[in-house]
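K.L.:
Just passing along the structure, written as structure tokens.
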Amino acid sequence: MVEWSHRAVDKELVEATREVCKDFSLDYWRECDQNSRYPEEFFRAAGEAGWLGALLPTKYGGTELGLPRMVDVLETITRSGAGMTGGITVNQALFPIQPLLRFGTEAQREKYLPLVATGDLHVAFAVTEPDAGIDTSRITTRAVLTGERYTVNGQKVYISKAQRADRIVLLTRTMAREAVSKPTDGMTLLFAENNRSAISIHPMDKLGTGAIDTNTMFIDGLEVDASDRIGDESDGFTALTAGLNAERIVLSAEALGTGMAAIDAAVKYAGERVVFGRPIGQNQGIQFPLAEAYGAIEAARGLTREAAEAYEAGAPNTAVTANLALLTAARAAFQACDSALQVHGGAGYMKDFHIERLWREVRLVQLAPVSQEMIKNFLAQRVLGLPRAY
């Protein structure tokens, strides 16, 4: 395995993470992916290791690892061969509950957060809708308050882990977009029970991360106690954005670990595969793409670690550094996986060599949680001072 550059990592934490990951082989992750089976065993191990509560205070059962150290963990998990599936399994416990941590009541935090930290409460994040896309202000799922209960009707799409979730962080409208002065006003965030008598969930077939279900949800008459509202009514968008920059940073780390897993495999294969009487790794046509991919990974890794430290310190430029990290990491990681697949030749196209799974999974990060094009829009307007494009 090629070691990371000299940039500081918590070596003790990395070694401890590697020890946990040794119990989950490449074949384990392939089986989960092929059979659309949630990696429950790994999720439980993540809870025992304290990763699920990494961003929670100890008073709520968290471990307070902080974002820079969690970057080390997630790089290590994905690099072990778990790929984006392993990283997402962990981060789905970290980020859906950030609005609850920051804007919830103390009673809500005491009730729910310790269960999240141990893995006893699965949570999904339901924001996106078919006709809204990246323009969240155009959601139409409606919540109407009668007495002490909301009644919710609407539809959500691309919702991860909805099949397994006990609770859903659900973005709704309590006021129509046309009735508010600012498009993002009038939205309310609810911590709703996943009541399957009122929520119809339909799995979506997709390219990668087959072990993590992604779904369309139809909500018909779902009742939610007002005590399960997160923050004040109509302040849902503000609560929603809690943790979005941190999510970009950890996804960058997960992508980079996945890219390095592919480079590790390609280096090993190139050293062992003999053609025309010598290992193919002796050929510059093999060496140059891998060296270039490694350089791109390390450059993006520097931005990712800078972004994690800026976030932890509460720096004012966090949104810029987080988006820069995701822009560069997503492309570098896919370049690495693509180069590794090419080094393997036809073998790389075969599932037995595992590269094709890493390749499929890492492509996601150029699309979600925000596309490369929208990041470029943001940087052009926020940093370069160019006119708004939309």
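Identifiers for the structure tokens are assigned positionally: chains receive A, B, ... in sequence, residues are indexed from 1 per chain, and ligands are indexed from 1 in the order shown.
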Skipping near chain neighbours, those fewer than 6 positions away, what residues fall within 10 Å of Ala45 (chain A) using only C-alpha atoms, listed as a count of residues only?

P.N.:
7

K.L.:
Apply DSSP to the backbone of this structure and, from region 153-223 of chain A, keep only the residues in strand (DSSP E or B); write these as number ranges by chain.

P.N.:
A: 153-160, 167-173, 187-193, 199-203, 214-223

K.L.:
Take the residues from that selection and write them out as a short mmCIF file (atom, residue, chain, number, x, y, z; two decimals), in the first residue's frame, keeping N, CA and C atoms.

P.N.:
data_model
loop_
_atom_site.label_atom_id
_atom_site.label_comp_id
_atom_site.auth_asym_id
_atom_site.auth_seq_id
_atom_site.Cartn_x
_atom_site.Cartn_y
_atom_site.Cartn_z
N ASN A 153 -48.49 15.79 3.41
CA ASN A 153 -48.77 15.14 2.13
C ASN A 153 -47.75 15.62 1.11
N GLY A 154 -47.29 14.70 0.27
CA GLY A 154 -46.34 15.09 -0.77
C GLY A 154 -45.52 13.92 -1.27
N GLN A 155 -44.44 14.24 -1.97
CA GLN A 155 -43.58 13.23 -2.57
C GLN A 155 -42.11 13.64 -2.44
N LYS A 156 -41.26 12.68 -2.18
CA LYS A 156 -39.81 12.90 -2.12
C LYS A 156 -39.12 11.87 -3.03
N VAL A 157 -37.92 12.22 -3.50
CA VAL A 157 -37.22 11.33 -4.41
C VAL A 157 -35.72 11.35 -4.09
N TYR A 158 -35.01 10.27 -4.45
CA TYR A 158 -33.59 10.09 -4.16
C TYR A 158 -33.32 10.08 -2.65
N ILE A 159 -34.17 9.40 -1.91
CA ILE A 159 -34.04 9.36 -0.46
C ILE A 159 -33.30 8.09 -0.04
N SER A 160 -32.11 8.27 0.48
CA SER A 160 -31.28 7.14 0.89
C SER A 160 -31.73 6.60 2.25
N ARG A 167 -36.64 7.09 11.72
CA ARG A 167 -37.09 8.48 11.69
C ARG A 167 -36.58 9.14 10.42
N ILE A 168 -37.29 10.19 10.00
CA ILE A 168 -36.94 10.91 8.78
C ILE A 168 -36.88 12.39 9.07
N VAL A 169 -35.74 13.01 8.73
CA VAL A 169 -35.64 14.47 8.77
C VAL A 169 -36.31 14.97 7.49
N LEU A 170 -37.51 15.51 7.65
CA LEU A 170 -38.42 15.75 6.53
C LEU A 170 -38.65 17.25 6.33
N LEU A 171 -38.26 17.74 5.15
CA LEU A 171 -38.46 19.15 4.84
C LEU A 171 -39.82 19.33 4.17
N THR A 172 -40.61 20.25 4.73
CA THR A 172 -41.97 20.49 4.24
C THR A 172 -42.19 22.00 4.04
N ARG A 173 -43.30 22.29 3.43
CA ARG A 173 -43.76 23.69 3.37
C ARG A 173 -44.96 23.86 4.28
N MET A 187 -40.65 27.21 5.08
CA MET A 187 -40.37 25.77 5.11
C MET A 187 -40.12 25.33 6.55
N THR A 188 -40.59 24.13 6.86
CA THR A 188 -40.52 23.61 8.23
C THR A 188 -39.90 22.22 8.21
N LEU A 189 -39.00 21.97 9.15
CA LEU A 189 -38.29 20.70 9.22
C LEU A 189 -38.89 19.86 10.35
N LEU A 190 -39.26 18.63 10.02
CA LEU A 190 -39.89 17.72 10.98
C LEU A 190 -39.03 16.48 11.17
N PHE A 191 -38.98 15.98 12.39
CA PHE A 191 -38.29 14.72 12.69
C PHE A 191 -39.37 13.65 12.79
N ALA A 192 -39.79 13.17 11.63
CA ALA A 192 -41.01 12.36 11.53
C ALA A 192 -40.72 10.88 11.73
N GLU A 193 -41.65 10.21 12.35
CA GLU A 193 -41.58 8.75 12.43
C GLU A 193 -41.83 8.18 11.04
N ILE A 199 -46.61 6.34 4.60
CA ILE A 199 -45.49 6.58 3.68
C ILE A 199 -45.29 5.34 2.83
N SER A 200 -45.41 5.52 1.52
CA SER A 200 -45.16 4.43 0.58
C SER A 200 -43.75 4.63 0.00
N ILE A 201 -42.89 3.63 0.15
CA ILE A 201 -41.49 3.76 -0.24
C ILE A 201 -41.17 2.76 -1.36
N HIS A 202 -40.62 3.28 -2.46
CA HIS A 202 -40.33 2.47 -3.63
C HIS A 202 -38.86 2.58 -3.99
N PRO A 203 -38.13 1.45 -3.99
CA PRO A 203 -36.69 1.50 -4.29
C PRO A 203 -36.42 1.89 -5.74
N THR A 214 -31.92 3.56 -2.21
CA THR A 214 -32.33 4.90 -2.62
C THR A 214 -33.75 4.80 -3.13
N ASN A 215 -34.61 5.75 -2.76
CA ASN A 215 -36.04 5.53 -2.91
C ASN A 215 -36.82 6.77 -3.33
N THR A 216 -38.00 6.49 -3.88
CA THR A 216 -39.04 7.50 -4.01
C THR A 216 -40.04 7.27 -2.88
N MET A 217 -40.50 8.37 -2.26
CA MET A 217 -41.44 8.29 -1.14
C MET A 217 -42.72 9.05 -1.48
N PHE A 218 -43.85 8.40 -1.26
CA PHE A 218 -45.14 9.07 -1.40
C PHE A 218 -45.75 9.18 0.00
N ILE A 219 -46.06 10.40 0.40
CA ILE A 219 -46.53 10.68 1.76
C ILE A 219 -48.01 11.07 1.70
N ASP A 220 -48.84 10.32 2.39
CA ASP A 220 -50.29 10.54 2.32
C ASP A 220 -50.87 10.54 3.74
N GLY A 221 -51.08 11.75 4.26
CA GLY A 221 -51.71 11.88 5.58
C GLY A 221 -50.82 11.48 6.73
N LEU A 222 -49.54 11.70 6.62
CA LEU A 222 -48.62 11.39 7.71
C LEU A 222 -48.81 12.39 8.84
N GLU A 223 -48.99 11.89 10.06
CA GLU A 223 -49.17 12.76 11.21
C GLU A 223 -47.87 12.82 12.02
#

K.L.:
Using only C-alpha atoms, find the one residue out of A:Ser234, A:Thr58, A:Gln342, A:Thr321 that sits nearest to Glu309 (chain A).

P.N.:
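Checking each candidate against Glu309 (chain A), we get A:Thr321 as the closest.
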
K.L.:
Taking 4 positions as the minimum chain separation for residues in the same chain, which residues sit within 12 Å of Leu324 (chain A) when counting only C-alpha atoms? Answer as a PyMOL selection string.

P.N.:
chain A and resi 245+248-249+252+299-308+317-320+328-331+372+374-380+382-383

K.L.:
Quick one: everything within 12 Å of Ala242 (chain A), counting only C-alpha atoms, minus sequence neighbours fewer than 3 positions away in the same chain. Send it as a PyMOL selection string.

P.N.:
chain A and resi 94-104+189+230-231+235-239+245-248+311+319

K.L.:
Hey, can you spit out that residue selection with N, CA and C atoms as a compact mmCIF listing (two decimals), in the first residue's frame?

P.N.:
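Okay, this is what ended up in result_14.txt:
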# COMPACT_ATOMS: atom_id res chain seq x y z
N LEU A 94 -24.04 10.59 10.63
CA LEU A 94 -23.43 11.84 11.06
C LEU A 94 -24.25 13.07 10.70
N PHE A 95 -24.81 13.10 9.48
CA PHE A 95 -25.32 14.37 8.97
C PHE A 95 -26.83 14.59 9.03
N PRO A 96 -27.66 13.57 8.85
CA PRO A 96 -29.09 13.84 8.98
C PRO A 96 -29.47 14.42 10.34
N ILE A 97 -28.68 14.13 11.39
CA ILE A 97 -29.05 14.59 12.72
C ILE A 97 -28.39 15.93 13.09
N GLN A 98 -27.61 16.52 12.21
CA GLN A 98 -27.01 17.81 12.53
C GLN A 98 -28.05 18.90 12.79
N PRO A 99 -29.14 18.98 12.01
CA PRO A 99 -30.17 19.98 12.35
C PRO A 99 -30.75 19.77 13.74
N LEU A 100 -30.92 18.50 14.13
CA LEU A 100 -31.45 18.21 15.46
C LEU A 100 -30.47 18.64 16.54
N LEU A 101 -29.19 18.40 16.30
CA LEU A 101 -28.17 18.79 17.27
C LEU A 101 -28.11 20.30 17.43
N ARG A 102 -28.23 21.03 16.35
CA ARG A 102 -28.02 22.48 16.38
C ARG A 102 -29.30 23.28 16.65
N PHE A 103 -30.44 22.76 16.22
CA PHE A 103 -31.67 23.54 16.32
C PHE A 103 -32.76 22.84 17.13
N GLY A 104 -32.52 21.57 17.53
CA GLY A 104 -33.53 20.86 18.29
C GLY A 104 -33.61 21.32 19.73
N LEU A 189 -39.00 21.97 9.15
CA LEU A 189 -38.29 20.70 9.22
C LEU A 189 -38.89 19.86 10.35
N ILE A 230 -38.26 20.46 14.23
CA ILE A 230 -36.88 20.88 14.50
C ILE A 230 -36.79 22.39 14.29
N GLY A 231 -36.56 23.11 15.36
CA GLY A 231 -36.49 24.56 15.27
C GLY A 231 -37.88 25.19 15.17
N ASP A 235 -38.65 28.06 9.73
CA ASP A 235 -37.19 28.22 9.72
C ASP A 235 -36.50 26.94 9.28
N GLY A 236 -37.24 26.11 8.55
CA GLY A 236 -36.71 24.81 8.16
C GLY A 236 -35.49 24.87 7.27
N PHE A 237 -35.44 25.86 6.38
CA PHE A 237 -34.30 25.93 5.47
C PHE A 237 -33.02 26.26 6.23
N THR A 238 -33.13 27.15 7.20
CA THR A 238 -31.95 27.48 8.02
C THR A 238 -31.45 26.26 8.78
N ALA A 239 -32.39 25.49 9.36
CA ALA A 239 -32.00 24.29 10.09
C ALA A 239 -31.42 23.24 9.14
N ASN A 245 -21.85 21.92 4.77
CA ASN A 245 -20.44 22.08 4.41
C ASN A 245 -19.61 20.91 4.93
N ALA A 246 -19.92 20.46 6.14
CA ALA A 246 -19.21 19.30 6.68
C ALA A 246 -19.47 18.06 5.85
N GLU A 247 -20.68 17.92 5.34
CA GLU A 247 -20.99 16.76 4.48
C GLU A 247 -20.14 16.77 3.23
N ARG A 248 -19.96 17.93 2.63
CA ARG A 248 -19.11 18.03 1.44
C ARG A 248 -17.68 17.59 1.75
N TYR A 311 -13.46 24.30 9.01
CA TYR A 311 -14.80 24.05 9.55
C TYR A 311 -14.74 23.90 11.07
N ALA A 319 -17.55 27.59 3.48
CA ALA A 319 -18.32 27.18 2.31
C ALA A 319 -17.44 27.12 1.07

K.L.:
Please, which residues of region 108-140 of chain A, numbered as in this document, come out alpha helix (DSSP H) from DSSP, as number ranges by chain?

P.N.:
A: 108-118

K.L.:
Once you have the residues from the selection above, write them out as a PDB file, in the first residue's frame, restricted to N, CA and C atoms.

P.N.:
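Printed below is again26.pdb as written:
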ATOM      1  N   GLN A 108     -35.449  16.872  22.769  1.00  0.00           N
ATOM      2  CA  GLN A 108     -35.243  16.094  21.548  1.00  0.00           C
ATOM      3  C   GLN A 108     -33.840  15.502  21.499  1.00  0.00           C
ATOM      4  N   ARG A 109     -32.854  16.326  21.831  1.00  0.00           N
ATOM      5  CA  ARG A 109     -31.470  15.852  21.777  1.00  0.00           C
ATOM      6  C   ARG A 109     -31.246  14.704  22.760  1.00  0.00           C
ATOM      7  N   GLU A 110     -31.759  14.846  23.968  1.00  0.00           N
ATOM      8  CA  GLU A 110     -31.571  13.799  24.981  1.00  0.00           C
ATOM      9  C   GLU A 110     -32.293  12.505  24.594  1.00  0.00           C
ATOM     10  N   LYS A 111     -33.412  12.641  23.902  1.00  0.00           N
ATOM     11  CA  LYS A 111     -34.219  11.482  23.533  1.00  0.00           C
ATOM     12  C   LYS A 111     -33.610  10.706  22.370  1.00  0.00           C
ATOM     13  N   TYR A 112     -33.137  11.426  21.347  1.00  0.00           N
ATOM     14  CA  TYR A 112     -32.775  10.770  20.094  1.00  0.00           C
ATOM     15  C   TYR A 112     -31.266  10.590  19.861  1.00  0.00           C
ATOM     16  N   LEU A 113     -30.449  11.555  20.220  1.00  0.00           N
ATOM     17  CA  LEU A 113     -29.046  11.517  19.823  1.00  0.00           C
ATOM     18  C   LEU A 113     -28.266  10.323  20.399  1.00  0.00           C
ATOM     19  N   PRO A 114     -28.485   9.941  21.663  1.00  0.00           N
ATOM     20  CA  PRO A 114     -27.758   8.755  22.153  1.00  0.00           C
ATOM     21  C   PRO A 114     -28.080   7.495  21.355  1.00  0.00           C
ATOM     22  N   LEU A 115     -29.293   7.389  20.857  1.00  0.00           N
ATOM     23  CA  LEU A 115     -29.683   6.220  20.058  1.00  0.00           C
ATOM     24  C   LEU A 115     -29.003   6.239  18.696  1.00  0.00           C
ATOM     25  N   VAL A 116     -28.805   7.427  18.144  1.00  0.00           N
ATOM     26  CA  VAL A 116     -28.077   7.553  16.878  1.00  0.00           C
ATOM     27  C   VAL A 116     -26.622   7.139  17.065  1.00  0.00           C
ATOM     28  N   ALA A 117     -26.020   7.573  18.171  1.00  0.00           N
ATOM     29  CA  ALA A 117     -24.603   7.296  18.428  1.00  0.00           C
ATOM     30  C   ALA A 117     -24.318   5.808  18.561  1.00  0.00           C
ATOM     31  N   THR A 118     -25.269   5.051  19.083  1.00  0.00           N
ATOM     32  CA  THR A 118     -25.062   3.610  19.250  1.00  0.00           C
ATOM     33  C   THR A 118     -25.500   2.806  18.025  1.00  0.00           C
TER      34      THR A 118
END

K.L.:
With only C-alpha atoms as the basis for distance, which of A:Ala340, A:Ala313, A:Ser197, A:Asp135 is at the shortest distance from Phe288 (chain A)?

P.N.:
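Going through A:Ala340, A:Ala313, A:Ser197, A:Asp135 one by one, the smallest distance to Phe288 (chain A) is for A:Ala340.
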
K.L.:
So how many Å separate CA of Gly277 (chain A) and CA of Gly346 (chain A), to one decimal?

P.N.:
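So the answer is 19.3 Å.
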
K.L.:
Would you list the contacts of Val267 (chain A) as a ChimeraX atom specification, taking every protein, DNA or RNA residue within 8 Å and counting only C-alpha atoms, but skipping same-chain residues closer than 4 positions in sequence?

P.N.:
/A:263,271,281

K.L.:
Could you please determine the separation between CA of Tyr150 (chain A) and CA of Gln163 (chain A) in Å, to one decimal place?

P.N.:
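Separation of CA of Tyr150 (chain A) and CA of Gln163 (chain A): 22.5 Å.
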
K.L.:
Excluding Pro289 (chain A) and its own-chain neighbours fewer than 3 positions away, which residues fall within 9 Å of it when counting only C-alpha atoms? Please give them as a ChimeraX atom specification.

P.N.:
/A:284-286,292-294,335-336,339-340,343
